[in-house]
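Below: input11.cif (mmCIF, C-alpha atoms)
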```
data_work
#
loop_
_atom_site.label_atom_id
_atom_site.label_comp_id
_atom_site.auth_asym_id
_atom_site.auth_seq_id
_atom_site.Cartn_x
_atom_site.Cartn_y
_atom_site.Cartn_z
CA MET A 847 157.45 135.09 51.92
CA HIS A 848 159.39 137.85 53.71
CA ALA A 849 156.44 140.28 53.32
CA LYS A 850 154.03 137.65 54.67
CA ARG A 851 156.27 137.06 57.71
CA MET A 852 156.54 140.79 58.41
CA ALA A 853 152.74 141.20 58.17
CA MET A 854 152.29 138.24 60.50
CA ARG A 855 154.77 139.65 62.99
CA GLY A 856 152.75 142.87 63.27
CA VAL A 857 149.45 141.06 63.84
CA TYR A 858 151.07 138.65 66.32
CA LYS A 859 152.57 141.48 68.35
CA ASP A 860 149.30 143.44 68.50
CA ILE A 861 147.24 140.46 69.63
CA LEU A 862 149.82 139.19 72.10
CA GLU A 863 150.14 142.64 73.67
CA ARG A 864 146.36 143.14 73.92
CA GLU A 865 145.67 139.70 75.37
CA ALA A 866 148.58 139.81 77.79
CA HIS A 867 147.47 143.20 79.16
CA LEU A 868 143.85 141.97 79.50
CA PHE A 869 145.24 138.99 81.38
CA GLY A 870 147.32 141.28 83.59
CA ALA A 871 150.57 139.51 82.68
CA ASP A 872 153.94 140.73 83.92
CA PHE A 873 156.04 137.97 82.36
CA ILE A 874 156.12 136.20 79.02
CA ALA A 875 157.68 132.76 78.81
CA GLN A 876 158.86 132.15 75.25
CA GLY A 877 160.18 128.60 75.33
CA THR A 878 163.34 129.46 73.40
CA LEU A 879 165.44 126.32 72.89
CA TYR A 880 169.03 125.81 71.82
CA THR A 881 167.80 125.10 68.26
CA ASP A 882 166.16 128.54 68.04
CA VAL A 883 169.24 130.25 69.45
CA SER A 884 171.56 128.46 67.07
CA GLU A 885 169.43 128.83 63.93
CA SER A 886 168.51 132.48 64.58
CA GLY A 887 172.00 133.60 65.44
CA GLY A 888 173.98 131.31 63.15
CA GLY A 889 175.96 130.00 66.11
CA TYR A 890 175.82 129.57 69.86
CA ASP A 891 178.70 131.13 71.65
CA SER A 892 177.64 133.20 74.60
CA GLY A 893 174.97 134.48 76.91
CA ALA A 894 175.12 137.74 74.96
CA LYS A 895 173.89 135.94 71.84
CA LYS A 896 171.00 134.37 73.73
CA HIS A 897 170.09 137.73 75.17
CA GLN A 898 170.13 139.31 71.73
CA ILE A 899 167.72 136.71 70.34
CA LYS A 900 165.27 137.11 73.18
CA GLN A 901 165.45 140.90 72.82
CA HIS A 902 164.73 140.51 69.12
CA HIS A 903 161.48 138.77 69.94
CA ASN A 904 160.36 140.87 72.90
CA VAL A 905 162.00 144.27 72.87
CA ASN A 906 158.84 146.28 72.17
CA LEU A 907 156.33 144.43 74.26
CA GLY A 908 157.12 145.84 77.70
CA PHE A 909 157.01 142.48 79.47
CA LYS A 910 159.68 140.80 81.51
CA VAL A 911 161.12 137.63 79.97
CA PRO A 912 162.21 135.20 82.69
CA GLU A 913 165.52 133.41 82.28
CA LEU A 914 164.59 129.99 80.91
CA ALA A 915 167.87 128.12 81.34
CA PRO A 916 168.28 125.17 81.33
CA LEU A 917 165.68 125.05 78.50
CA SER A 918 167.61 127.40 76.23
CA ASP A 919 170.65 125.14 76.56
CA GLN A 920 168.68 122.06 75.51
CA VAL A 921 167.37 120.70 72.22
CA LYS A 922 163.86 119.29 72.15
CA ASP A 923 164.59 115.77 73.36
CA GLY A 924 166.33 117.20 76.44
CA VAL A 925 163.41 119.55 77.08
CA ARG A 926 161.00 116.63 76.79
CA GLN A 927 162.99 114.67 79.37
CA ILE A 928 162.82 117.64 81.74
CA GLY A 929 159.08 117.97 81.06
CA LYS A 930 158.52 114.30 81.70
CA ALA A 931 160.39 114.54 85.03
CA LEU A 932 158.14 117.50 85.96
CA GLY A 933 154.96 115.57 85.07
CA VAL A 934 153.94 117.62 81.99
CA PRO A 935 151.01 115.83 80.25
CA ASP A 936 151.94 113.63 77.26
CA ALA A 937 149.71 115.52 74.82
CA MET A 938 151.69 118.71 75.49
CA LEU A 939 155.03 116.96 75.77
CA TRP A 940 154.84 115.12 72.44
CA ARG A 941 153.09 117.75 70.38
CA HIS A 942 154.97 118.30 67.09
CA PRO A 943 156.84 121.58 66.57
CA PHE A 944 154.72 124.25 64.88
CA PRO A 945 156.18 127.18 62.91
CA GLY A 946 156.31 130.57 64.62
CA PRO A 947 154.64 132.43 61.73
CA GLY A 948 151.83 129.83 61.73
CA LEU A 949 150.19 128.52 58.59
CA LEU A 950 151.66 131.38 56.53
CA VAL A 951 154.74 129.27 55.84
CA ARG A 952 152.50 126.37 54.78
CA ILE A 953 150.53 128.32 52.17
CA GLU A 954 152.24 129.26 48.93
CA ASN A 955 151.63 132.62 47.26
CA LYS A 956 148.65 134.65 48.48
CA VAL A 957 147.02 133.58 51.74
CA LYS A 958 143.29 133.19 51.11
CA LEU A 959 140.54 132.07 53.49
CA TRP A 960 139.90 128.91 51.42
CA LYS A 961 143.60 127.99 51.60
CA LEU A 962 143.62 128.40 55.39
CA ARG A 963 140.55 126.16 55.58
CA VAL A 964 142.24 123.55 53.36
CA ALA A 965 145.45 123.71 55.43
CA ARG A 966 143.54 123.20 58.70
CA GLN A 967 141.23 120.44 57.45
CA ALA A 968 144.11 118.51 55.87
CA ASP A 969 146.23 118.89 59.00
CA VAL A 970 143.41 117.50 61.16
CA ILE A 971 143.20 114.43 58.87
CA LEU A 972 146.98 113.95 58.86
CA VAL A 973 147.34 114.18 62.64
CA HIS A 974 144.27 112.02 63.27
CA GLU A 975 145.53 109.23 60.99
CA LEU A 976 149.06 109.37 62.41
CA LYS A 977 147.64 108.99 65.91
CA ALA A 978 145.23 106.23 64.81
CA ALA A 979 148.20 104.34 63.33
CA GLY A 980 150.18 104.81 66.56
CA LEU A 981 152.85 106.76 64.67
CA TYR A 982 152.39 110.35 65.85
CA GLU A 983 155.04 110.16 68.54
CA SER A 984 157.53 108.37 66.27
CA VAL A 985 157.38 111.22 63.76
CA TRP A 986 159.41 114.29 64.71
CA GLN A 987 157.19 116.69 62.80
CA ALA A 988 154.42 116.37 60.22
CA GLY A 989 152.44 118.96 58.36
CA VAL A 990 150.54 119.96 55.27
CA VAL A 991 151.45 122.53 52.60
CA VAL A 992 148.89 124.13 50.29
CA THR A 993 151.17 124.43 47.28
CA ALA A 994 150.99 126.74 44.26
CA SER A 995 150.71 123.64 42.06
CA ARG A 996 147.41 122.69 40.39
CA THR A 997 146.30 119.49 38.70
CA THR A 998 143.59 118.06 36.46
CA VAL A 999 140.93 116.15 38.37
CA THR A 1000 138.16 113.79 37.36
CA LYS A 1001 136.11 114.27 40.53
CA GLY A 1002 132.34 114.37 40.39
CA ASP A 1003 130.62 115.06 37.10
CA GLY A 1004 133.52 115.97 34.86
CA ALA A 1005 137.10 117.14 34.53
CA GLY A 1006 138.20 120.20 36.44
CA SER A 1007 141.21 121.36 38.36
CA GLY A 1008 142.25 121.18 41.99
CA CYS A 1009 145.10 122.32 44.18
CA VAL A 1010 147.99 120.05 45.13
CA VAL A 1011 148.47 119.49 48.86
CA ALA A 1012 151.86 118.24 50.04
CA LEU A 1013 152.36 116.18 53.19
CA PHE A 1014 155.61 116.04 55.09
CA ALA A 1015 156.56 113.81 57.98
CA VAL A 1016 160.16 113.62 59.10
CA SER A 1017 162.34 111.78 61.52
CA SER A 1018 164.86 113.87 63.38
CA VAL A 1019 166.60 114.01 66.75
CA ASN A 1020 166.85 117.75 67.22
CA GLY A 1021 165.53 119.48 64.10
CA PHE A 1022 168.99 120.38 62.74
CA THR A 1023 168.81 117.59 60.18
CA ALA A 1024 165.84 115.50 59.11
CA ARG A 1025 164.92 112.55 56.88
CA PRO A 1026 161.54 111.75 55.34
CA PHE A 1027 159.71 109.32 57.63
CA HIS A 1028 158.94 105.98 55.98
CA LEU A 1029 155.22 105.92 56.66
CA PRO A 1030 153.42 102.68 55.72
CA TRP A 1031 151.80 102.94 52.27
CA GLU A 1032 148.35 102.14 53.63
CA VAL A 1033 148.58 105.10 56.02
CA LEU A 1034 149.82 107.42 53.24
CA GLU A 1035 147.06 106.32 50.89
CA ARG A 1036 144.35 106.58 53.55
CA ILE A 1037 145.43 110.15 54.37
CA SER A 1038 145.61 111.04 50.67
CA GLN A 1039 142.18 109.57 49.91
CA ARG A 1040 140.54 111.25 52.90
CA ILE A 1041 142.00 114.64 51.93
CA THR A 1042 140.78 114.47 48.31
CA ASN A 1043 137.41 112.99 49.35
CA GLU A 1044 136.68 115.41 52.19
CA ILE A 1045 138.15 118.67 50.88
CA PRO A 1046 136.59 119.69 47.54
CA GLU A 1047 139.36 122.14 46.57
CA VAL A 1048 142.09 119.47 46.66
CA GLY A 1049 142.84 117.51 43.48
CA ARG A 1050 146.02 115.67 44.37
CA VAL A 1051 148.19 114.82 47.37
CA VAL A 1052 151.98 114.36 47.30
CA TYR A 1053 154.51 113.29 49.94
CA ASN A 1054 157.80 115.03 50.59
CA LEU A 1055 160.91 112.92 49.85
CA SER A 1056 163.63 115.49 50.59
CA GLY A 1057 165.70 115.64 53.72
CA LYS A 1058 167.23 118.63 55.50
CA PRO A 1059 169.66 119.40 53.98
CA PRO A 1060 169.25 120.09 51.08
CA ALA A 1061 165.65 121.19 51.79
CA THR A 1062 164.16 122.51 55.03
CA ILE A 1063 161.42 120.88 57.14
CA GLU A 1064 158.97 123.74 56.50
CA TRP A 1065 158.75 124.76 52.83
CA GLY A 1066 158.38 128.53 53.29
CA MET B 883 147.19 124.55 29.61
CA HIS B 884 144.74 124.72 26.68
CA ALA B 885 146.82 127.48 25.03
CA LYS B 886 150.00 125.44 25.50
CA ARG B 887 148.36 122.37 23.91
CA MET B 888 147.12 124.41 20.94
CA ALA B 889 150.58 125.93 20.41
CA MET B 890 152.10 122.45 20.60
CA ARG B 891 149.58 121.06 18.11
CA GLY B 892 150.61 123.69 15.53
CA VAL B 893 154.32 122.98 15.92
CA TYR B 894 153.74 119.22 15.88
CA LYS B 895 151.69 119.38 12.67
CA ASP B 896 154.24 121.57 10.85
CA ILE B 897 157.19 119.34 11.75
CA LEU B 898 155.35 116.08 11.07
CA GLU B 899 154.20 117.34 7.68
CA ARG B 900 157.67 118.57 6.68
CA GLU B 901 159.49 115.43 7.82
CA ALA B 902 156.90 113.06 6.32
CA HIS B 903 157.14 114.81 2.93
CA LEU B 904 160.95 114.78 3.03
CA PHE B 905 160.74 111.07 3.78
CA GLY B 906 158.30 110.57 0.90
CA ALA B 907 155.64 109.02 3.14
CA ASP B 908 152.20 108.08 1.81
CA PHE B 909 150.86 106.61 5.04
CA ILE B 910 150.94 107.64 8.68
CA ALA B 911 150.45 104.96 11.35
CA GLN B 912 149.10 106.59 14.50
CA GLY B 913 148.92 103.75 17.00
CA THR B 914 145.46 104.71 18.23
CA LEU B 915 144.33 102.28 20.94
CA TYR B 916 140.95 101.62 22.51
CA THR B 917 141.92 103.86 25.46
CA ASP B 918 142.47 106.83 23.11
CA VAL B 919 139.20 106.18 21.31
CA SER B 920 137.24 105.89 24.53
CA GLU B 921 138.83 108.86 26.33
CA SER B 922 138.73 111.20 23.31
CA GLY B 923 135.16 110.43 22.36
CA GLY B 924 133.67 109.84 25.79
CA GLY B 925 132.48 106.40 24.72
CA TYR B 926 133.13 103.64 22.24
CA ASP B 927 130.12 102.68 20.24
CA SER B 928 130.81 102.43 16.59
CA GLY B 929 133.23 102.49 13.70
CA ALA B 930 131.98 106.00 12.97
CA LYS B 931 133.32 107.21 16.31
CA LYS B 932 136.73 105.70 15.63
CA HIS B 933 136.76 107.31 12.20
CA GLN B 934 135.92 110.68 13.70
CA ILE B 935 138.81 110.50 16.15
CA LYS B 936 141.32 109.61 13.49
CA GLN B 937 140.01 112.39 11.26
CA HIS B 938 140.40 114.79 14.14
CA HIS B 939 144.10 113.97 14.31
CA ASN B 940 144.86 113.73 10.62
CA VAL B 941 142.35 115.62 8.57
CA ASN B 942 144.66 118.37 7.36
CA LEU B 943 147.84 116.44 6.76
CA GLY B 944 147.04 114.84 3.37
CA PHE B 945 148.33 111.37 4.32
CA LYS B 946 146.48 108.09 4.21
CA VAL B 947 145.86 106.54 7.65
CA PRO B 948 145.82 102.76 7.39
CA GLU B 949 143.14 100.86 9.32
CA LEU B 950 144.90 99.72 12.48
CA ALA B 951 142.38 97.20 13.81
CA PRO B 952 142.86 95.06 15.85
CA LEU B 953 145.07 97.62 17.68
CA SER B 954 142.28 100.19 18.03
CA ASP B 955 140.10 97.53 19.66
CA GLN B 956 142.77 96.68 22.24
CA VAL B 957 144.05 98.31 25.41
CA LYS B 958 147.78 98.42 25.99
CA ASP B 959 148.26 94.97 27.52
CA GLY B 960 146.54 93.39 24.50
CA VAL B 961 148.69 95.43 22.11
CA ARG B 962 151.80 94.31 23.98
CA GLN B 963 150.76 90.68 23.62
CA ILE B 964 150.31 91.19 19.87
CA GLY B 965 153.69 92.93 19.70
CA LYS B 966 155.37 90.13 21.61
CA ALA B 967 153.88 87.55 19.20
CA LEU B 968 155.26 89.61 16.30
CA GLY B 969 158.75 89.78 17.85
CA VAL B 970 158.81 93.52 18.66
CA PRO B 971 161.93 94.26 20.78
CA ASP B 972 161.36 94.46 24.55
CA ALA B 973 162.68 98.03 24.85
CA MET B 974 159.92 99.21 22.46
CA LEU B 975 157.29 96.90 23.83
CA TRP B 976 157.66 97.87 27.48
CA ARG B 977 158.34 101.56 27.05
CA HIS B 978 156.03 103.60 29.33
CA PRO B 979 153.25 105.66 27.76
CA PHE B 980 154.32 109.22 26.96
CA PRO B 981 151.88 112.14 26.65
CA GLY B 982 150.95 113.31 23.14
CA PRO B 983 151.68 116.99 23.86
CA GLY B 984 155.10 116.00 25.23
CA LEU B 985 156.72 117.66 28.24
CA LEU B 986 154.26 120.57 28.02
CA VAL B 987 151.88 118.70 30.30
CA ARG B 988 154.71 118.06 32.76
CA ILE B 989 155.73 121.69 33.16
CA GLU B 990 153.46 124.02 35.10
CA ASN B 991 152.92 127.63 34.03
CA LYS B 992 155.31 129.06 31.43
CA VAL B 993 157.52 126.60 29.57
CA LYS B 994 161.13 127.81 29.87
CA LEU B 995 164.31 126.25 28.56
CA TRP B 996 165.60 125.64 32.10
CA LYS B 997 162.37 123.84 33.00
CA LEU B 998 162.65 121.58 29.95
CA ARG B 999 166.23 120.78 30.95
CA VAL B 1000 165.13 119.99 34.53
CA ALA B 1001 162.26 117.80 33.25
CA ARG B 1002 164.58 115.82 30.96
CA GLN B 1003 167.43 115.41 33.47
CA ALA B 1004 165.08 114.32 36.25
CA ASP B 1005 163.30 111.88 33.92
CA VAL B 1006 166.62 110.28 32.93
CA ILE B 1007 167.44 109.77 36.63
CA LEU B 1008 163.98 108.36 37.40
CA VAL B 1009 164.00 105.89 34.49
CA HIS B 1010 167.60 104.86 35.14
CA GLU B 1011 166.95 104.10 38.80
CA LEU B 1012 163.70 102.24 38.06
CA LYS B 1013 165.58 100.05 35.57
CA ALA B 1014 168.52 99.58 37.95
CA ALA B 1015 166.08 98.39 40.63
CA GLY B 1016 164.41 96.02 38.16
CA LEU B 1017 161.09 97.86 38.57
CA TYR B 1018 160.65 99.68 35.25
CA GLU B 1019 158.45 97.00 33.68
CA SER B 1020 156.35 96.56 36.84
CA VAL B 1021 155.41 100.24 36.77
CA TRP B 1022 152.69 101.16 34.25
CA GLN B 1023 153.91 104.73 33.82
CA ALA B 1024 156.37 106.99 35.61
CA GLY B 1025 157.31 110.59 35.04
CA VAL B 1026 158.47 113.89 36.43
CA VAL B 1027 156.57 117.16 36.80
CA VAL B 1028 158.30 120.54 37.13
CA THR B 1029 155.70 122.11 39.43
CA ALA B 1030 154.87 125.76 40.10
CA SER B 1031 155.78 125.18 43.74
CA ARG B 1032 159.00 126.55 45.23
CA THR B 1033 160.79 125.79 48.49
CA THR B 1034 163.49 127.09 50.79
CA VAL B 1035 166.79 125.24 50.34
CA THR B 1036 169.99 125.09 52.36
CA LYS B 1037 172.16 123.88 49.49
CA GLY B 1038 175.70 125.12 49.11
CA ASP B 1039 176.79 128.27 50.90
CA GLY B 1040 173.50 129.53 52.28
CA ALA B 1041 169.71 129.59 52.12
CA GLY B 1042 168.02 130.13 48.80
CA SER B 1043 165.07 128.77 46.92
CA GLY B 1044 164.54 125.93 44.47
CA CYS B 1045 161.73 124.45 42.43
CA VAL B 1046 159.74 121.42 43.57
CA VAL B 1047 159.88 118.40 41.25
CA ALA B 1048 157.13 115.80 41.58
CA LEU B 1049 157.60 112.14 40.70
CA PHE B 1050 154.75 109.86 39.76
CA ALA B 1051 154.81 106.11 39.22
CA VAL B 1052 151.55 104.22 38.94
CA SER B 1053 150.28 100.70 38.62
CA SER B 1054 147.47 100.18 36.13
CA VAL B 1055 146.18 97.54 33.75
CA ASN B 1056 144.87 99.73 30.97
CA GLY B 1057 145.29 103.39 31.95
CA PHE B 1058 141.61 103.93 32.77
CA THR B 1059 142.31 103.75 36.48
CA ALA B 1060 145.62 103.90 38.33
CA ARG B 1061 147.07 103.60 41.82
CA PRO B 1062 150.34 105.04 43.11
CA PHE B 1063 153.05 102.36 42.83
CA HIS B 1064 154.56 101.38 46.18
CA LEU B 1065 158.20 101.95 45.29
CA PRO B 1066 160.73 100.85 47.93
CA TRP B 1067 161.81 103.78 50.13
CA GLU B 1068 165.48 103.31 49.27
CA VAL B 1069 164.67 103.70 45.56
CA LEU B 1070 162.52 106.80 46.20
CA GLU B 1071 165.19 108.38 48.36
CA ARG B 1072 167.99 107.57 45.92
CA ILE B 1073 166.04 109.18 43.06
CA SER B 1074 165.19 112.21 45.21
CA GLN B 1075 168.79 112.68 46.37
CA ARG B 1076 170.21 112.31 42.86
CA ILE B 1077 167.75 114.88 41.49
CA THR B 1078 168.55 117.52 44.14
CA ASN B 1079 172.30 116.77 43.97
CA GLU B 1080 172.62 116.75 40.18
CA ILE B 1081 170.14 119.45 39.14
CA PRO B 1082 170.95 122.82 40.75
CA GLU B 1083 167.51 124.37 40.14
CA VAL B 1084 165.69 121.68 42.17
CA GLY B 1085 165.18 122.26 45.90
CA ARG B 1086 162.78 119.48 46.83
CA VAL B 1087 161.30 116.26 45.43
CA VAL B 1088 157.82 114.92 46.21
CA TYR B 1089 156.01 111.70 45.26
CA ASN B 1090 152.43 111.53 44.00
CA LEU B 1091 150.01 109.68 46.30
CA SER B 1092 146.78 110.18 44.34
CA GLY B 1093 145.12 107.60 42.16
CA LYS B 1094 143.00 108.04 39.04
CA PRO B 1095 140.28 108.89 39.95
CA PRO B 1096 140.16 111.43 41.55
CA ALA B 1097 143.35 112.73 39.92
CA THR B 1098 144.75 111.91 36.46
CA ILE B 1099 148.05 110.17 35.68
CA GLU B 1100 149.50 113.26 33.97
CA TRP B 1101 149.00 116.48 35.97
CA GLY B 1102 148.35 118.89 33.09
#
```
structure tokens encoding of this file:
Amino acid sequence: MHAKRMAMRGVYKDILEREAHLFGADFIAQGTLYTDVSESGGGYDSGAKKHQIKQHHNVNLGFKVPELAPLSDQVKDGVRQIGKALGVPDAMLWRHPFPGPGLLVRIENKVKLWKLRVARQADVILVHELKAAGLYESVWQAGVVVTASRTTVTKGDGAGSGCVVALFAVSSVNGFTARPFHLPWEVLERISQRITNEIPEVGRVVYNLSGKPPATIEWG
Amino acid sequence: MHAKRMAMRGVYKDILEREAHLFGADFIAQGTLYTDVSESGGGYDSGAKKHQIKQHHNVNLGFKVPELAPLSDQVKDGVRQIGKALGVPDAMLWRHPFPGPGLLVRIENKVKLWKLRVARQADVILVHELKAAGLYESVWQAGVVVTASRTTVTKGDGAGSGCVVALFAVSSVNGFTARPFHLPWEVLERISQRITNEIPEVGRVVYNLSGKPPATIEWG
């Protein structure tokens, strides 16, 4: 996982730098919140700590990072209140958190093109069904993991094997702790059936039952 | 998985043969049901087919296999009715099905001693909590899979990694088809929390959402 994150960081930096220069950008707004500061630094004591974390993300890019207080003193619900007061559209305001290293942390073992396709297709189904059920904004964060687990399947014209996709949906106030969201069974089963019906590589779908702690919201 | 089953078959045969001879057995009662006949042979047409399946299991052991009709013409609910009429104790009568190759099919990749210990400890917790909730006899079959998936954990004094244990509990009439059982959330969460609290190697617990078809009841 560490090697995958390091590889991702290199690609991210190269693309960000290229696109930002093409765009003629002088500033980069990162959206660092109190949660990032606290979890990156292991504590939140001083402006020096905040500065250190921002430097860590931006030191080699040659852009100016504007001071984002009060955002960096707020957890997400505070930021959403500020956004709402400023008239930020709901679809942006209520979008679930997404991991910095992208789908890398949601794909176990080697990242392959077919796994990325599975991760994206399954995520589209999950988000669509949560919204259709009117539950998307009640869930703090939901996502899909393409696990290393495989299973026997009886799809189509015989027995074979398929990958196991895990769903997670959690309730949380600020991301520091989380509990599995009690989705209605009919929503869980509809999502599960759509994923195995519409994505040939998937043989089984499971739902995360663990909170944070002892687990984490993202698996990787 | 095929290699693991073949290895298991050899060990099973050796131990059965040794123990049966020590016991002075002339007969072996196998408990073959209609489900076994149908799923092994891909159909159920004739006495010859039944004979073939029994031979397949017993041909080299040198024991007589008594004719078990009407059991081999019945699926499990019929067998349970017969057992009830004969006064078979409830704990035997309502015991969940258990896979022939044992915990092999519930442990992904290499079978290690620690994985067997995890599989047994987690199964004890699952069965205990299902019984405590009065749900054991409503569930057709429940079990625990030690998956190949791993996850970040925040247990104890820092971040580490743990294995992912999957729970399954299904409703079914005869094992041919199955649906995930809608266990109450408080039971699912209690089982999940006990497993991660009491078994140090486990970092996360998930619950199976897939039916049969497209998946199978056992993963392996």
Checklist entry - Any idea which chain A residues end up within 9 Å of chain B if we count all atoms listed in the file, as a PyMOL selection string please? => result chain A and resi 954+993-1002+1008+1012-1013+1026+1028+1031+1034-1035+1038-1039+1042-1043+1049-1062+1064-1066
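With CA of Gly989 (chain A) on one side and CA of Thr1023 (chain A) on the other, the separation reads 16.5 Å.
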Checklist entry - With all atoms listed in the file as the basis for distance, which of B:Gly1057, B:Pro983, B:Lys994, B:His1010 is at the shortest distance from His884 (chain B)? => result B:Pro983
Quick one: residues within 10 Å of Ser984 (chain A), all atoms listed in the file counted, chain neighbours fewer than 4 positions away excluded, as a short mmCIF file (atom, residue, chain, number, x, y, z; two decimals) with C-alpha atoms, keeping the file's coordinate frame?
```
data_model
loop_
_atom_site.label_atom_id
_atom_site.label_comp_id
_atom_site.auth_asym_id
_atom_site.auth_seq_id
_atom_site.Cartn_x
_atom_site.Cartn_y
_atom_site.Cartn_z
CA TRP A 940 154.84 115.12 72.44
CA LEU A 976 149.06 109.37 62.41
CA LYS A 977 147.64 108.99 65.91
CA GLY A 980 150.18 104.81 66.56
CA ALA A 1015 156.56 113.81 57.98
CA VAL A 1016 160.16 113.62 59.10
CA SER A 1017 162.34 111.78 61.52
CA SER A 1018 164.86 113.87 63.38
CA PHE A 1027 159.71 109.32 57.63
#
```
Axis-aligned box over every listed atom of region 1018-1022 of chain B, padded by 6 Å per side: centre and edges in Å to one decimal, as JSON?
```
{"center_x": 156.7, "center_y": 98.9, "center_z": 35.3, "size_x": 20.0, "size_y": 16.6, "size_z": 15.2}
```
Checklist entry - How many Å separate CA of Val1000 (chain B) from CA of Arg1076 (chain B)? => result 12.4 Å
Checklist entry - Quick one, how far is CA of Ala965 (chain A) from CA of Val987 (chain B)? => result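 Spanning CA of Ala965 (chain A) to CA of Val987 (chain B) is a straight-line distance of 26.4 Å.
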